[in-house]
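K.L.:
So here's structure_25.cif, just mmCIF, C-alpha atoms:
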data_input
loop_
_atom_site.label_atom_id
_atom_site.label_comp_id
_atom_site.auth_asym_id
_atom_site.auth_seq_id
_atom_site.Cartn_x
_atom_site.Cartn_y
_atom_site.Cartn_z
CA MET A 578 -12.81 -39.27 -91.87
CA ALA A 579 -9.73 -37.22 -90.94
CA ARG A 580 -6.78 -39.09 -89.52
CA ASP A 581 -5.49 -38.27 -86.05
CA THR A 582 -2.02 -36.90 -86.75
CA VAL A 583 0.80 -34.81 -85.31
CA THR A 584 2.87 -32.51 -87.52
CA ILE A 585 6.56 -31.88 -86.89
CA ILE A 586 8.34 -29.02 -88.65
CA ASP A 587 12.05 -29.36 -89.54
CA ASN A 588 13.30 -25.81 -88.96
CA ALA A 589 16.45 -26.48 -91.01
CA THR A 590 14.54 -27.23 -94.21
CA GLY A 591 11.00 -26.05 -93.49
CA ARG A 592 9.77 -29.54 -94.27
CA ARG A 593 6.61 -30.71 -92.50
CA ILE A 594 6.54 -34.27 -91.20
CA GLU A 595 3.12 -35.74 -90.50
CA LEU A 596 2.94 -38.67 -88.05
CA GLU A 597 -0.11 -40.76 -87.31
CA VAL A 598 -1.27 -40.91 -83.69
CA ARG A 599 -2.12 -44.29 -82.18
CA ARG A 600 -4.37 -44.54 -79.13
CA GLY A 601 -4.88 -47.44 -76.80
CA THR A 602 -7.80 -48.25 -74.51
CA MET A 603 -6.18 -46.24 -71.72
CA GLY A 604 -3.01 -44.22 -71.28
CA PRO A 605 -1.23 -41.53 -73.32
CA PRO A 606 -1.38 -41.51 -77.13
CA ALA A 607 1.70 -42.45 -79.17
CA MET A 608 3.14 -40.94 -82.34
CA ASP A 609 3.77 -43.67 -84.89
CA ILE A 610 7.38 -43.03 -85.92
CA SER A 611 7.86 -46.29 -87.82
CA ARG A 612 8.13 -44.34 -91.15
CA LEU A 613 10.27 -41.52 -89.74
CA TYR A 614 13.66 -42.79 -90.88
CA ARG A 615 12.50 -44.43 -94.09
CA ASP A 616 10.57 -41.41 -95.37
CA PHE A 617 12.32 -38.47 -93.71
CA GLY A 618 15.80 -39.69 -92.70
CA PHE A 619 15.33 -38.98 -88.97
CA LEU A 620 15.92 -41.22 -85.97
CA THR A 621 14.51 -40.57 -82.50
CA TYR A 622 16.73 -40.40 -79.41
CA ASP A 623 15.27 -41.77 -76.19
CA PRO A 624 17.81 -43.24 -73.71
CA GLY A 625 16.14 -45.85 -71.51
CA PHE A 626 13.06 -45.79 -73.81
CA GLN A 627 11.20 -43.61 -71.29
CA SER A 628 9.00 -42.06 -74.00
CA THR A 629 8.90 -44.98 -76.43
CA ALA A 630 6.13 -47.55 -76.82
CA SER A 631 7.94 -50.60 -78.20
CA CYS A 632 4.80 -52.66 -78.75
CA SER A 633 1.04 -52.89 -78.35
CA SER A 634 -0.11 -55.12 -75.50
CA ALA A 635 -3.41 -56.11 -73.88
CA ILE A 636 -1.88 -57.67 -70.75
CA THR A 637 -0.92 -55.02 -68.17
CA TYR A 638 -1.73 -51.36 -67.71
CA ILE A 639 0.03 -48.94 -65.34
CA ASP A 640 -0.87 -45.35 -64.49
CA GLY A 641 2.09 -44.26 -62.41
CA ASP A 642 0.64 -40.86 -61.51
CA LYS A 643 -2.56 -42.32 -60.08
CA GLY A 644 -0.98 -45.48 -58.65
CA ILE A 645 -3.02 -47.87 -60.82
CA LEU A 646 -1.99 -51.38 -61.88
CA LEU A 647 -4.36 -53.55 -63.95
CA TYR A 648 -3.93 -57.15 -65.13
CA ARG A 649 -6.12 -57.68 -68.21
CA GLY A 650 -8.26 -54.80 -66.91
CA TYR A 651 -8.64 -56.12 -63.35
CA PRO A 652 -7.29 -53.91 -60.50
CA ILE A 653 -4.37 -55.50 -58.66
CA GLU A 654 -6.13 -54.76 -55.35
CA GLN A 655 -9.09 -57.00 -56.29
CA LEU A 656 -6.91 -59.81 -57.59
CA ALA A 657 -4.61 -59.81 -54.55
CA GLU A 658 -7.56 -59.83 -52.17
CA GLN A 659 -9.85 -62.33 -53.91
CA SER A 660 -7.84 -64.39 -56.37
CA THR A 661 -5.01 -66.94 -56.28
CA PHE A 662 -1.75 -66.97 -58.19
CA LEU A 663 -2.82 -69.81 -60.49
CA GLU A 664 -6.09 -68.03 -61.27
CA VAL A 665 -4.07 -64.92 -62.15
CA ALA A 666 -1.74 -67.09 -64.24
CA TYR A 667 -4.74 -68.36 -66.22
CA LEU A 668 -5.92 -64.76 -66.66
CA MET A 669 -2.49 -63.71 -67.93
CA LEU A 670 -2.16 -66.56 -70.39
CA TYR A 671 -5.73 -66.72 -71.75
CA GLY A 672 -6.99 -63.17 -71.28
CA ARG A 673 -9.95 -63.94 -69.02
CA LEU A 674 -10.75 -65.28 -65.58
CA PRO A 675 -11.49 -69.03 -65.57
CA ASN A 676 -14.66 -70.63 -64.29
CA ALA A 677 -14.37 -73.26 -61.54
CA GLU A 678 -14.00 -76.17 -63.98
CA GLU A 679 -11.38 -74.38 -66.09
CA LEU A 680 -9.36 -73.39 -63.03
CA ASP A 681 -9.44 -76.95 -61.69
CA ARG A 682 -8.29 -78.33 -65.04
CA PHE A 683 -5.58 -75.69 -65.34
CA SER A 684 -4.34 -76.38 -61.79
CA ARG A 685 -4.17 -80.12 -62.50
CA THR A 686 -2.30 -79.46 -65.76
CA ILE A 687 0.26 -77.30 -63.97
CA ALA A 688 0.66 -79.97 -61.28
CA LYS A 689 1.24 -82.60 -63.98
CA HIS A 690 4.17 -80.61 -65.36
CA THR A 691 5.95 -79.72 -62.09
CA MET A 692 8.50 -82.55 -62.26
CA ILE A 693 11.74 -82.10 -64.20
CA LYS A 694 13.73 -84.75 -66.05
CA GLU A 695 15.93 -86.80 -63.73
CA SER A 696 18.90 -86.21 -66.02
CA LEU A 697 18.34 -82.46 -65.65
CA LYS A 698 19.20 -82.76 -61.96
CA SER A 699 22.76 -83.68 -62.87
CA PHE A 700 23.04 -80.30 -64.58
CA TYR A 701 23.19 -78.69 -61.12
CA GLN A 702 26.30 -80.71 -60.28
CA GLY A 703 28.26 -78.70 -62.82
CA PHE A 704 27.88 -75.52 -60.77
CA TYR A 705 30.31 -74.53 -58.05
CA HIS A 706 28.90 -75.33 -54.61
CA ASP A 707 28.49 -71.69 -53.57
CA ALA A 708 27.24 -70.35 -56.90
CA HIS A 709 24.53 -67.70 -56.63
CA PRO A 710 21.12 -69.39 -57.12
CA MET A 711 20.28 -66.90 -59.87
CA ALA A 712 23.35 -68.02 -61.82
CA SER A 713 22.20 -71.62 -61.49
CA MET A 714 18.65 -70.69 -62.49
CA VAL A 715 19.77 -68.90 -65.66
CA GLY A 716 21.75 -71.98 -66.70
CA VAL A 717 19.09 -74.57 -65.88
CA VAL A 718 16.21 -72.67 -67.52
CA GLY A 719 18.33 -71.98 -70.58
CA SER A 720 19.03 -75.70 -70.89
CA LEU A 721 15.36 -76.73 -70.91
CA SER A 722 15.18 -76.67 -74.71
CA ALA A 723 17.66 -79.56 -74.69
CA PHE A 724 15.28 -81.61 -72.53
CA TYR A 725 11.89 -80.47 -73.86
CA HIS A 726 12.60 -79.85 -77.53
CA ASP A 727 9.10 -81.09 -78.43
CA SER A 728 7.73 -77.68 -77.38
CA THR A 729 10.13 -75.31 -79.13
CA ASP A 730 8.21 -74.83 -82.40
CA ILE A 731 7.24 -71.19 -81.94
CA HIS A 732 5.02 -71.24 -85.05
CA ASP A 733 2.71 -73.89 -83.59
CA PRO A 734 0.15 -72.46 -81.09
CA ALA A 735 -0.16 -75.81 -79.27
CA SER A 736 3.61 -76.03 -78.90
CA ARG A 737 3.75 -72.45 -77.57
CA GLU A 738 1.05 -73.21 -75.02
CA LEU A 739 2.80 -76.38 -73.86
CA ALA A 740 6.08 -74.50 -73.41
CA ALA A 741 4.28 -71.79 -71.42
CA LEU A 742 2.61 -74.33 -69.13
CA ARG A 743 5.89 -76.17 -68.60
CA LEU A 744 7.73 -72.99 -67.70
CA VAL A 745 5.10 -71.87 -65.17
CA ALA A 746 4.92 -75.36 -63.65
CA LYS A 747 8.62 -76.18 -63.50
CA MET A 748 9.98 -72.84 -62.30
CA PRO A 749 9.31 -73.56 -58.58
CA THR A 750 10.93 -77.00 -58.94
CA ILE A 751 13.98 -75.48 -60.63
CA ALA A 752 14.18 -72.71 -58.03
CA ALA A 753 13.91 -75.15 -55.13
CA GLY A 754 16.65 -77.22 -56.76
CA CYS A 755 18.90 -74.15 -56.90
CA TYR A 756 18.32 -73.63 -53.18
CA LYS A 757 18.78 -77.25 -52.15
CA TYR A 758 21.97 -77.56 -54.16
CA SER A 759 23.36 -74.38 -52.57
CA ILE A 760 22.90 -75.78 -49.05
CA GLY A 761 23.88 -79.37 -49.86
CA GLU A 762 20.51 -80.99 -49.17
CA PRO A 763 18.75 -83.59 -51.35
CA PHE A 764 16.18 -82.39 -53.86
CA MET A 765 12.55 -82.94 -52.89
CA TYR A 766 10.01 -84.08 -55.48
CA PRO A 767 6.95 -81.88 -56.06
CA ARG A 768 3.62 -83.02 -54.65
CA ASN A 769 0.43 -82.77 -56.69
CA ASP A 770 -1.76 -82.47 -53.58
CA LEU A 771 -0.27 -79.11 -52.62
CA SER A 772 -0.98 -75.63 -53.96
CA TYR A 773 1.49 -73.87 -56.24
CA CYS A 774 3.11 -71.93 -53.38
CA GLY A 775 2.62 -74.72 -50.85
CA ASN A 776 4.52 -77.01 -53.18
CA LEU A 777 7.36 -74.49 -53.43
CA LEU A 778 7.64 -74.26 -49.64
CA HIS A 779 7.61 -78.06 -49.42
CA MET A 780 10.38 -78.46 -52.01
CA MET A 781 12.51 -75.79 -50.34
CA PHE A 782 12.15 -76.64 -46.67
CA SER A 783 11.18 -80.29 -46.29
CA VAL A 784 13.72 -83.11 -45.92
CA PRO A 785 13.30 -86.86 -46.55
CA THR A 786 13.74 -87.77 -42.87
CA GLU A 787 10.71 -86.01 -41.42
CA ASP A 788 7.26 -84.68 -42.22
CA TYR A 789 6.78 -81.09 -43.27
CA VAL A 790 3.50 -79.20 -42.89
CA VAL A 791 2.99 -76.10 -45.00
CA ASP A 792 2.06 -73.11 -42.87
CA PRO A 793 -1.08 -71.41 -44.29
CA VAL A 794 0.16 -67.89 -43.44
CA ALA A 795 3.44 -68.50 -45.28
CA GLU A 796 1.55 -70.05 -48.19
CA LYS A 797 -0.85 -67.10 -48.44
CA ALA A 798 1.98 -64.58 -48.16
CA LEU A 799 3.91 -66.16 -51.03
CA ASP A 800 0.77 -66.45 -53.15
CA MET A 801 0.06 -62.74 -52.67
CA ILE A 802 3.65 -61.71 -53.45
CA PHE A 803 3.56 -63.82 -56.61
CA ILE A 804 0.30 -62.15 -57.72
CA LEU A 805 1.83 -58.71 -57.16
CA HIS A 806 4.95 -59.64 -59.15
CA ALA A 807 3.27 -61.54 -62.00
CA ASP A 808 3.71 -58.77 -64.57
CA HIS A 809 4.59 -55.08 -64.74
CA GLU A 810 4.24 -53.94 -68.33
CA GLN A 811 7.37 -53.37 -70.49
CA ASN A 812 10.04 -53.39 -67.79
CA ALA A 813 13.67 -54.31 -68.49
CA SER A 814 13.28 -58.09 -68.16
CA THR A 815 9.99 -58.24 -70.09
CA ALA A 816 11.43 -56.09 -72.86
CA THR A 817 14.43 -58.46 -72.91
CA VAL A 818 12.16 -61.48 -73.30
CA ARG A 819 10.32 -59.79 -76.16
CA LEU A 820 13.55 -58.69 -77.86
CA ALA A 821 15.04 -62.18 -77.63
CA GLY A 822 11.76 -63.68 -78.81
CA SER A 823 11.63 -61.35 -81.81
CA SER A 824 14.64 -63.19 -83.25
CA GLY A 825 12.72 -66.48 -83.21
CA ALA A 826 14.63 -67.90 -80.24
CA ASN A 827 12.97 -70.79 -78.41
CA PRO A 828 10.81 -69.89 -75.38
CA PHE A 829 13.18 -71.39 -72.81
CA ALA A 830 16.08 -69.26 -74.09
CA CYS A 831 13.83 -66.18 -74.04
CA ILE A 832 12.78 -66.71 -70.42
CA SER A 833 16.40 -67.38 -69.45
CA SER A 834 17.32 -64.00 -70.94
CA GLY A 835 14.56 -62.41 -68.87
CA ILE A 836 15.96 -64.00 -65.71
CA THR A 837 19.37 -62.54 -66.55
CA ALA A 838 17.92 -59.04 -66.92
CA LEU A 839 15.91 -59.44 -63.72
CA TRP A 840 19.09 -60.22 -61.78
CA GLY A 841 20.25 -56.60 -61.85
CA PRO A 842 20.00 -54.68 -58.54
CA ALA A 843 18.06 -51.88 -60.25
CA HIS A 844 15.36 -54.40 -61.23
CA GLY A 845 14.66 -57.73 -59.54
CA GLY A 846 17.58 -57.46 -57.16
CA ALA A 847 16.04 -54.48 -55.38
CA ASN A 848 14.53 -56.50 -52.52
CA GLU A 849 17.90 -58.16 -51.95
CA ALA A 850 19.45 -54.68 -51.84
CA VAL A 851 16.92 -53.66 -49.16
CA LEU A 852 18.17 -56.31 -46.76
CA LYS A 853 21.80 -55.41 -47.48
CA MET A 854 20.97 -51.78 -46.73
CA LEU A 855 19.33 -52.72 -43.43
CA GLU A 856 22.40 -54.76 -42.53
CA GLU A 857 24.60 -51.76 -43.32
CA ILE A 858 22.53 -49.49 -41.07
CA GLY A 859 22.83 -52.16 -38.41
CA ASP A 860 20.83 -50.67 -35.53
CA ALA A 861 17.81 -48.41 -35.09
CA SER A 862 20.03 -45.88 -33.30
CA ASN A 863 21.90 -45.34 -36.60
CA ILE A 864 18.76 -44.45 -38.56
CA PRO A 865 19.01 -40.63 -38.12
CA LYS A 866 22.54 -40.68 -39.53
CA TYR A 867 21.48 -42.67 -42.61
CA ILE A 868 18.35 -40.57 -43.10
CA ALA A 869 20.57 -37.50 -43.16
CA ARG A 870 22.81 -39.18 -45.71
CA ALA A 871 19.80 -40.05 -47.88
CA LYS A 872 18.78 -36.38 -47.87
CA ASP A 873 22.29 -35.20 -48.78
CA LYS A 874 22.51 -34.72 -52.55
CA ASN A 875 26.29 -35.08 -52.41
CA ASP A 876 26.16 -38.45 -50.63
CA PRO A 877 25.82 -41.50 -52.93
CA PHE A 878 23.88 -43.42 -50.25
CA ARG A 879 20.26 -44.14 -51.20
CA LEU A 880 17.46 -45.74 -49.24
CA MET A 881 16.66 -48.94 -51.14
CA GLY A 882 13.02 -49.97 -51.36
CA PHE A 883 11.65 -46.41 -51.33
CA GLY A 884 10.00 -44.69 -54.28
CA HIS A 885 9.56 -46.17 -57.77
CA ARG A 886 10.56 -45.08 -61.26
CA VAL A 887 7.06 -45.69 -62.65
CA TYR A 888 4.83 -44.81 -59.72
CA LYS A 889 4.83 -41.10 -58.92
CA ASN A 890 2.35 -41.85 -56.19
CA TYR A 891 2.20 -44.72 -53.71
CA ASP A 892 3.00 -48.10 -55.29
CA PRO A 893 -0.42 -49.84 -55.26
CA ARG A 894 1.28 -53.17 -54.61
CA ALA A 895 2.96 -51.77 -51.50
CA LYS A 896 -0.40 -50.88 -49.92
CA ILE A 897 -1.49 -54.50 -50.33
CA ILE A 898 1.71 -56.21 -49.25
CA ARG A 899 2.18 -53.92 -46.23
CA ARG A 900 -0.75 -55.57 -44.42
CA MET A 901 0.59 -59.03 -45.24
CA CYS A 902 4.06 -58.02 -44.08
CA HIS A 903 2.77 -57.12 -40.63
CA GLN A 904 0.80 -60.41 -40.43
CA VAL A 905 3.90 -62.40 -41.32
CA LEU A 906 6.08 -60.55 -38.83
CA GLU A 907 3.45 -61.13 -36.15
CA LYS A 908 3.66 -64.87 -36.70
CA PHE A 909 7.23 -65.52 -37.86
CA GLY A 910 9.21 -62.40 -37.02
CA ASP A 911 11.85 -62.53 -34.33
CA ALA A 912 11.19 -59.65 -31.92
CA ASN A 913 14.90 -59.62 -31.14
CA ASP A 914 15.98 -59.34 -34.78
CA PRO A 915 17.29 -55.78 -35.25
CA LEU A 916 16.57 -55.90 -38.99
CA PHE A 917 12.83 -56.13 -38.42
CA GLU A 918 12.93 -53.27 -35.91
CA LEU A 919 14.96 -51.25 -38.41
CA ALA A 920 12.54 -51.95 -41.23
CA MET A 921 9.49 -50.94 -39.24
CA ARG A 922 11.20 -47.79 -37.99
CA LEU A 923 12.21 -46.81 -41.53
CA GLU A 924 8.64 -47.42 -42.69
CA GLU A 925 7.36 -45.16 -39.91
CA ILE A 926 9.76 -42.37 -40.87
CA ALA A 927 8.99 -42.60 -44.59
CA LEU A 928 5.26 -42.35 -43.98
CA GLN A 929 5.60 -39.32 -41.67
CA ASP A 930 8.71 -37.37 -42.70
CA GLU A 931 7.90 -34.35 -44.89
CA TYR A 932 11.04 -34.89 -46.96
CA PHE A 933 9.83 -38.35 -48.04
CA ILE A 934 6.17 -37.35 -48.35
CA GLU A 935 6.97 -34.33 -50.54
CA ARG A 936 9.09 -36.46 -52.86
CA LYS A 937 6.68 -39.41 -52.68
CA LEU A 938 9.46 -41.69 -51.45
CA TYR A 939 7.11 -44.25 -49.94
CA PRO A 940 8.08 -47.86 -49.23
CA ASN A 941 7.57 -49.92 -52.38
CA VAL A 942 6.79 -53.59 -52.98
CA ASP A 943 10.49 -54.55 -52.85
CA PHE A 944 10.83 -53.13 -49.35
CA TYR A 945 8.05 -55.31 -47.95
CA SER A 946 8.70 -58.46 -49.99
CA GLY A 947 12.30 -58.64 -48.79
CA ILE A 948 11.17 -58.43 -45.17
CA ILE A 949 8.53 -61.13 -45.72
CA TYR A 950 11.03 -63.46 -47.40
CA LYS A 951 13.46 -63.06 -44.51
CA ALA A 952 10.71 -63.74 -41.95
CA LEU A 953 9.78 -66.93 -43.84
CA GLY A 954 13.37 -68.17 -43.65
CA ILE A 955 14.17 -67.60 -47.32
CA PRO A 956 17.83 -66.54 -47.66
CA VAL A 957 18.71 -63.22 -49.27
CA ASN A 958 20.36 -64.82 -52.31
CA MET A 959 17.03 -66.49 -53.14
CA PHE A 960 14.97 -63.27 -53.19
CA THR A 961 15.41 -62.57 -56.91
CA VAL A 962 14.82 -66.25 -57.66
CA MET A 963 11.41 -65.94 -56.00
CA PHE A 964 10.73 -62.87 -58.13
CA ALA A 965 11.64 -64.85 -61.25
CA ILE A 966 9.14 -67.60 -60.39
CA ALA A 967 6.30 -65.09 -60.21
CA ARG A 968 7.35 -63.03 -63.23
CA THR A 969 7.62 -66.11 -65.45
CA VAL A 970 3.84 -65.97 -65.92
CA GLY A 971 4.07 -62.42 -67.25
CA TRP A 972 7.06 -63.22 -69.41
CA VAL A 973 5.42 -66.17 -71.14
CA ALA A 974 2.16 -64.24 -71.60
CA GLN A 975 4.06 -61.34 -73.19
CA TRP A 976 6.11 -63.73 -75.32
CA MET A 977 2.99 -65.55 -76.58
CA GLU A 978 1.28 -62.24 -77.36
CA MET A 979 4.32 -61.02 -79.30
CA ILE A 980 4.75 -64.21 -81.34
CA ALA A 981 1.08 -64.13 -82.36
CA GLU A 982 1.24 -60.56 -83.66
CA PRO A 983 0.77 -60.53 -87.47
CA ASP A 984 3.26 -57.69 -88.01
CA GLN A 985 5.87 -58.99 -85.56
CA ARG A 986 9.45 -58.37 -86.68
CA ILE A 987 12.89 -58.67 -85.14
CA GLY A 988 13.79 -55.88 -82.73
CA ARG A 989 16.54 -53.62 -84.01
CA PRO A 990 17.13 -50.39 -82.02
CA ARG A 991 19.15 -47.69 -83.77
CA GLN A 992 21.86 -45.41 -82.39
CA ILE A 993 23.50 -42.02 -82.71
CA TYR A 994 27.05 -42.81 -83.75
CA THR A 995 29.67 -40.73 -81.87
CA GLY A 996 32.86 -42.54 -82.88
CA HIS A 997 35.55 -41.60 -85.40
CA ALA A 998 34.60 -40.63 -88.92
CA GLN A 999 35.95 -42.94 -91.63
CA ARG A 1000 39.77 -43.19 -91.53
CA ASP A 1001 42.40 -45.24 -93.30
CA TYR A 1002 44.25 -48.17 -91.83
CA VAL A 1003 47.87 -47.44 -90.82
CA PRO A 1004 50.31 -50.33 -91.18
CA LEU A 1005 51.83 -51.58 -87.95
CA ASP A 1006 55.40 -50.43 -88.79
CA GLN A 1007 54.19 -46.85 -89.41
CA ARG A 1008 52.36 -46.32 -86.09
#
As structure tokens - that is how I would like this structure written.
P.N.:
Amino acid sequence: MARDTVTIIDNATGRRIELEVRRGTMGPPAMDISRLYRDFGFLTYDPGFQSTASCSSAITYIDGDKGILLYRGYPIEQLAEQSTFLEVAYLMLYGRLPNAEELDRFSRTIAKHTMIKESLKSFYQGFYHDAHPMASMVGVVGSLSAFYHDSTDIHDPASRELAALRLVAKMPTIAAGCYKYSIGEPFMYPRNDLSYCGNLLHMMFSVPTEDYVVDPVAEKALDMIFILHADHEQNASTATVRLAGSSGANPFACISSGITALWGPAHGGANEAVLKMLEEIGDASNIPKYIARAKDKNDPFRLMGFGHRVYKNYDPRAKIIRRMCHQVLEKFGDANDPLFELAMRLEEIALQDEYFIERKLYPNVDFYSGIIYKALGIPVNMFTVMFAIARTVGWVAQWMEMIAEPDQRIGRPRQIYTGHAQRDYVPLDQR
């Protein structure tokens, strides 16, 4: 049987280079260039890895042209409408949807691991009182291997699974701790009788002196956002987790590295940037001026939360979250808050203006999630922290998949060197 190959001709030498073609279940084929340098002395050059498949994965599939996002083959629309975040977490980690008994057992296991060591709480005291919660989160998550070193053996499948469950379970507790410390309130213990997102709301907003009742609309909104953010293929933070993991680093260090990458405004910080942009615009009467600036190629101003690097069509997650956004604003939104009026007016323009339609600059998931978070009373500096909670599921699933690969090896990107050619050292007194 003939192999599926691509032939490249080196015009300088006339040499023919034959590369094997690899095909996945869906998506474009890939040329296997793993032998290119060893056998032919060539590197490939691909800044940002826009045309490079760095791994094989069975977790998430994206078709940016058609606006498709699948988790383990299931459309994101079906999961967001019919599933829960913990059910999606099970799907991510184990590759299939659980039955009722498996989901109940998984939920109870997650609840059992939500508490953190009491001594870990003192770790927060080392941070400055107004430290950004993401800075605190990076430090606390990175320190987990010092508290849970019984689950750092990456070569033991049971140890890997325990670390994954601990990370998914403890991330809301750690995040709530970052928030409570930043506002000077006492930490609240998790409650096993609450849902995953209900527990997060409880730990963030309840106080010891009075009862707190989780609002079902807020709980559902968070659960949906977390489903939509659970994984997104080989993005910057996921690739960072995989690269760190390829060195054999412990899982807690790997996830901490992912949180660090997520912090960037071009990645997880995008929903925070949306609110800052709305604050800069200030009033609905200023929208025409800023729209004109966004259309001006010579103006550095950009509308945050519009368009997406991967999706050349409408972000499928935005279609889902848009409905939830309007429900949340209906219940929690302040009609007198100019930011909400601004956001809805910008949405209206983007969906009707030919400039935005032609360029497919539709509101994306970051645009709506930031508005929802604000309506729920979550401060702007916690937006990326919320993203990190959700994405932890994808990170650990990707990490576990990578570690289990039989041909897994340490990541080592190459470069095109553009510095000085070799030169001799000049003694200090001769310079």
K.L.:
A:Phe917, A:Phe933, A:Tyr939, A:Tyr614: which is nearest Ala952 of chain A, counting all atoms listed in the file?
P.N.:
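Looking at the shortest contact to Ala952 of chain A, the residue is A:Phe917.
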K.L.:
Find, counting all atoms listed in the file, the residue in A:Leu906, A:Leu663, A:Ser611, A:Lys643 that gets nearest to Tyr891 of chain A.
P.N.:
A:Lys643
K.L.:
Atom CA of Asp808 of chain A to atom CA of Ile693 of chain A: how many Å, to one decimal?
P.N.:
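Pair atom CA of Asp808 of chain A / atom CA of Ile693 of chain A returns 24.7 Å.
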K.L.:
For segment 665-712 of chain A versus segment 770-781 of chain A, which residues have an atom no more than 10 Å away, and what is each residue's nearest atom pair and distance in Å rounded to one decimal, using only C-alpha atoms, chain-then-number order, as CSV?
P.N.:
residue,atom,partner,partner_atom,distance
A:Ser684,CA,A:Tyr773,CA,8.4
A:Arg685,CA,A:Asp770,CA,9.5
A:Ile687,CA,A:Tyr773,CA,8.5
A:Ala688,CA,A:Tyr773,CA,8.0
A:Thr691,CA,A:Tyr773,CA,9.4
K.L.:
Name all residues at most 12 Å from segment 857-859 of chain A (count all atoms listed in the file; drop same-chain ones fewer than 3 positions away) and give them as number ranges by chain.
P.N.:
A: 850-854, 862-868, 870-871, 878-881, 914-920, 922-923
K.L.:
Point out the residue among A:Ala708, A:Val1003, A:Leu742, A:Ile898 with the least atom-to-atom distance to Glu658 of chain A, counting only C-alpha atoms.
P.N.:
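Result for the nearest residue to Glu658 of chain A: A:Ile898.
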K.L.:
Suppose you want the space between atom CA of Ala741 of chain A and atom CA of Met959 of chain A; what is it in Å?
P.N.:
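Computing it gives 22.9 Å between the two atoms.
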K.L.:
Identify all residues satisfying the PyMOL selection byres ((chain A and resi 992) around 12) in the given file; provide them as a count of residues only.
P.N.:
13
K.L.:
Please provide the set of residues having any atom within 7 Å of Ala798 of chain A, restricted to all atoms listed in the file, with same-chain residues fewer than 4 positions apart removed, written as a list in words.
P.N.:
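Within the cut-off, the hits are Val794, Ile802 and Met901 of chain A.
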K.L.:
With distances taken over only C-alpha atoms, which residue among A:Leu613, A:Leu680, A:Ala795, A:Ala630 lies nearest Gly601 of chain A?
P.N.:
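The answer is A:Ala630, which sits nearest to Gly601 of chain A.
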K.L.:
Which residue out of A:Ser660, A:Asn588, A:Thr629, A:Gln1007 has the minimum interatomic distance to Asp800 of chain A when only C-alpha atoms are used?
P.N.:
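Between A:Ser660, A:Asn588, A:Thr629, A:Gln1007, the residue approaching Asp800 of chain A most closely is A:Ser660.
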K.L.:
Where does the PyMOL selection byres ((chain A and resi 848) around 6) land in this file, that is, which residues does it pick, as a PyMOL selection string?
P.N.:
chain A and resi 846-847+849-851+943-944+947
K.L.:
Please measure the separation of atom CA of Met669 of chain A and atom CA of Arg968 of chain A, giving the value in Å to one decimal.
P.N.:
10.9 Å
K.L.:
Excluding His806 of chain A and any residue of its chain fewer than 5 positions from it, enumerate the residues within 12 Å of it, using all atoms listed in the file, and give them as number ranges by chain.
P.N.:
A: 637, 646, 648, 653, 656-657, 662, 665-666, 799-801, 812, 839, 844-845, 893-895, 898, 942-943, 946, 961-972
K.L.:
Using all atoms listed in the file, which residue out of A:Cys755, A:Leu739, A:Arg886, A:Tyr671 lies closest to Ser699 of chain A?
P.N.:
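Closest residue, counting all atoms listed in the file: A:Cys755.
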K.L.:
Quick one: segment 686-692 of chain A with N, CA, C and O atoms, as an mmCIF file, keeping the file's coordinate frame?
P.N.:
data_model
loop_
_atom_site.group_PDB
_atom_site.id
_atom_site.type_symbol
_atom_site.label_atom_id
_atom_site.label_comp_id
_atom_site.auth_asym_id
_atom_site.auth_seq_id
_atom_site.Cartn_x
_atom_site.Cartn_y
_atom_site.Cartn_z
ATOM 1 N N THR A 686 -3.285 -79.447 -64.671
ATOM 2 C CA THR A 686 -2.300 -79.460 -65.760
ATOM 3 C C THR A 686 -0.953 -78.932 -65.275
ATOM 4 O O THR A 686 0.099 -79.507 -65.572
ATOM 5 N N ILE A 687 -0.974 -77.847 -64.525
ATOM 6 C CA ILE A 687 0.260 -77.300 -63.970
ATOM 7 C C ILE A 687 0.924 -78.323 -63.058
ATOM 8 O O ILE A 687 2.140 -78.564 -63.124
ATOM 9 N N ALA A 688 0.115 -78.969 -62.197
ATOM 10 C CA ALA A 688 0.660 -79.970 -61.280
ATOM 11 C C ALA A 688 1.306 -81.128 -62.047
ATOM 12 O O ALA A 688 2.347 -81.662 -61.634
ATOM 13 N N LYS A 689 0.718 -81.490 -63.171
ATOM 14 C CA LYS A 689 1.240 -82.600 -63.980
ATOM 15 C C LYS A 689 2.622 -82.290 -64.556
ATOM 16 O O LYS A 689 3.423 -83.194 -64.799
ATOM 17 N N HIS A 690 2.913 -81.005 -64.729
ATOM 18 C CA HIS A 690 4.170 -80.610 -65.360
ATOM 19 C C HIS A 690 5.231 -80.111 -64.366
ATOM 20 O O HIS A 690 6.268 -79.585 -64.787
ATOM 21 N N THR A 691 5.006 -80.283 -63.071
ATOM 22 C CA THR A 691 5.950 -79.720 -62.090
ATOM 23 C C THR A 691 7.272 -80.484 -62.013
ATOM 24 O O THR A 691 8.298 -79.908 -61.648
ATOM 25 N N MET A 692 7.257 -81.777 -62.332
ATOM 26 C CA MET A 692 8.500 -82.550 -62.260
ATOM 27 C C MET A 692 9.446 -82.139 -63.387
ATOM 28 O O MET A 692 9.016 -81.666 -64.439
#
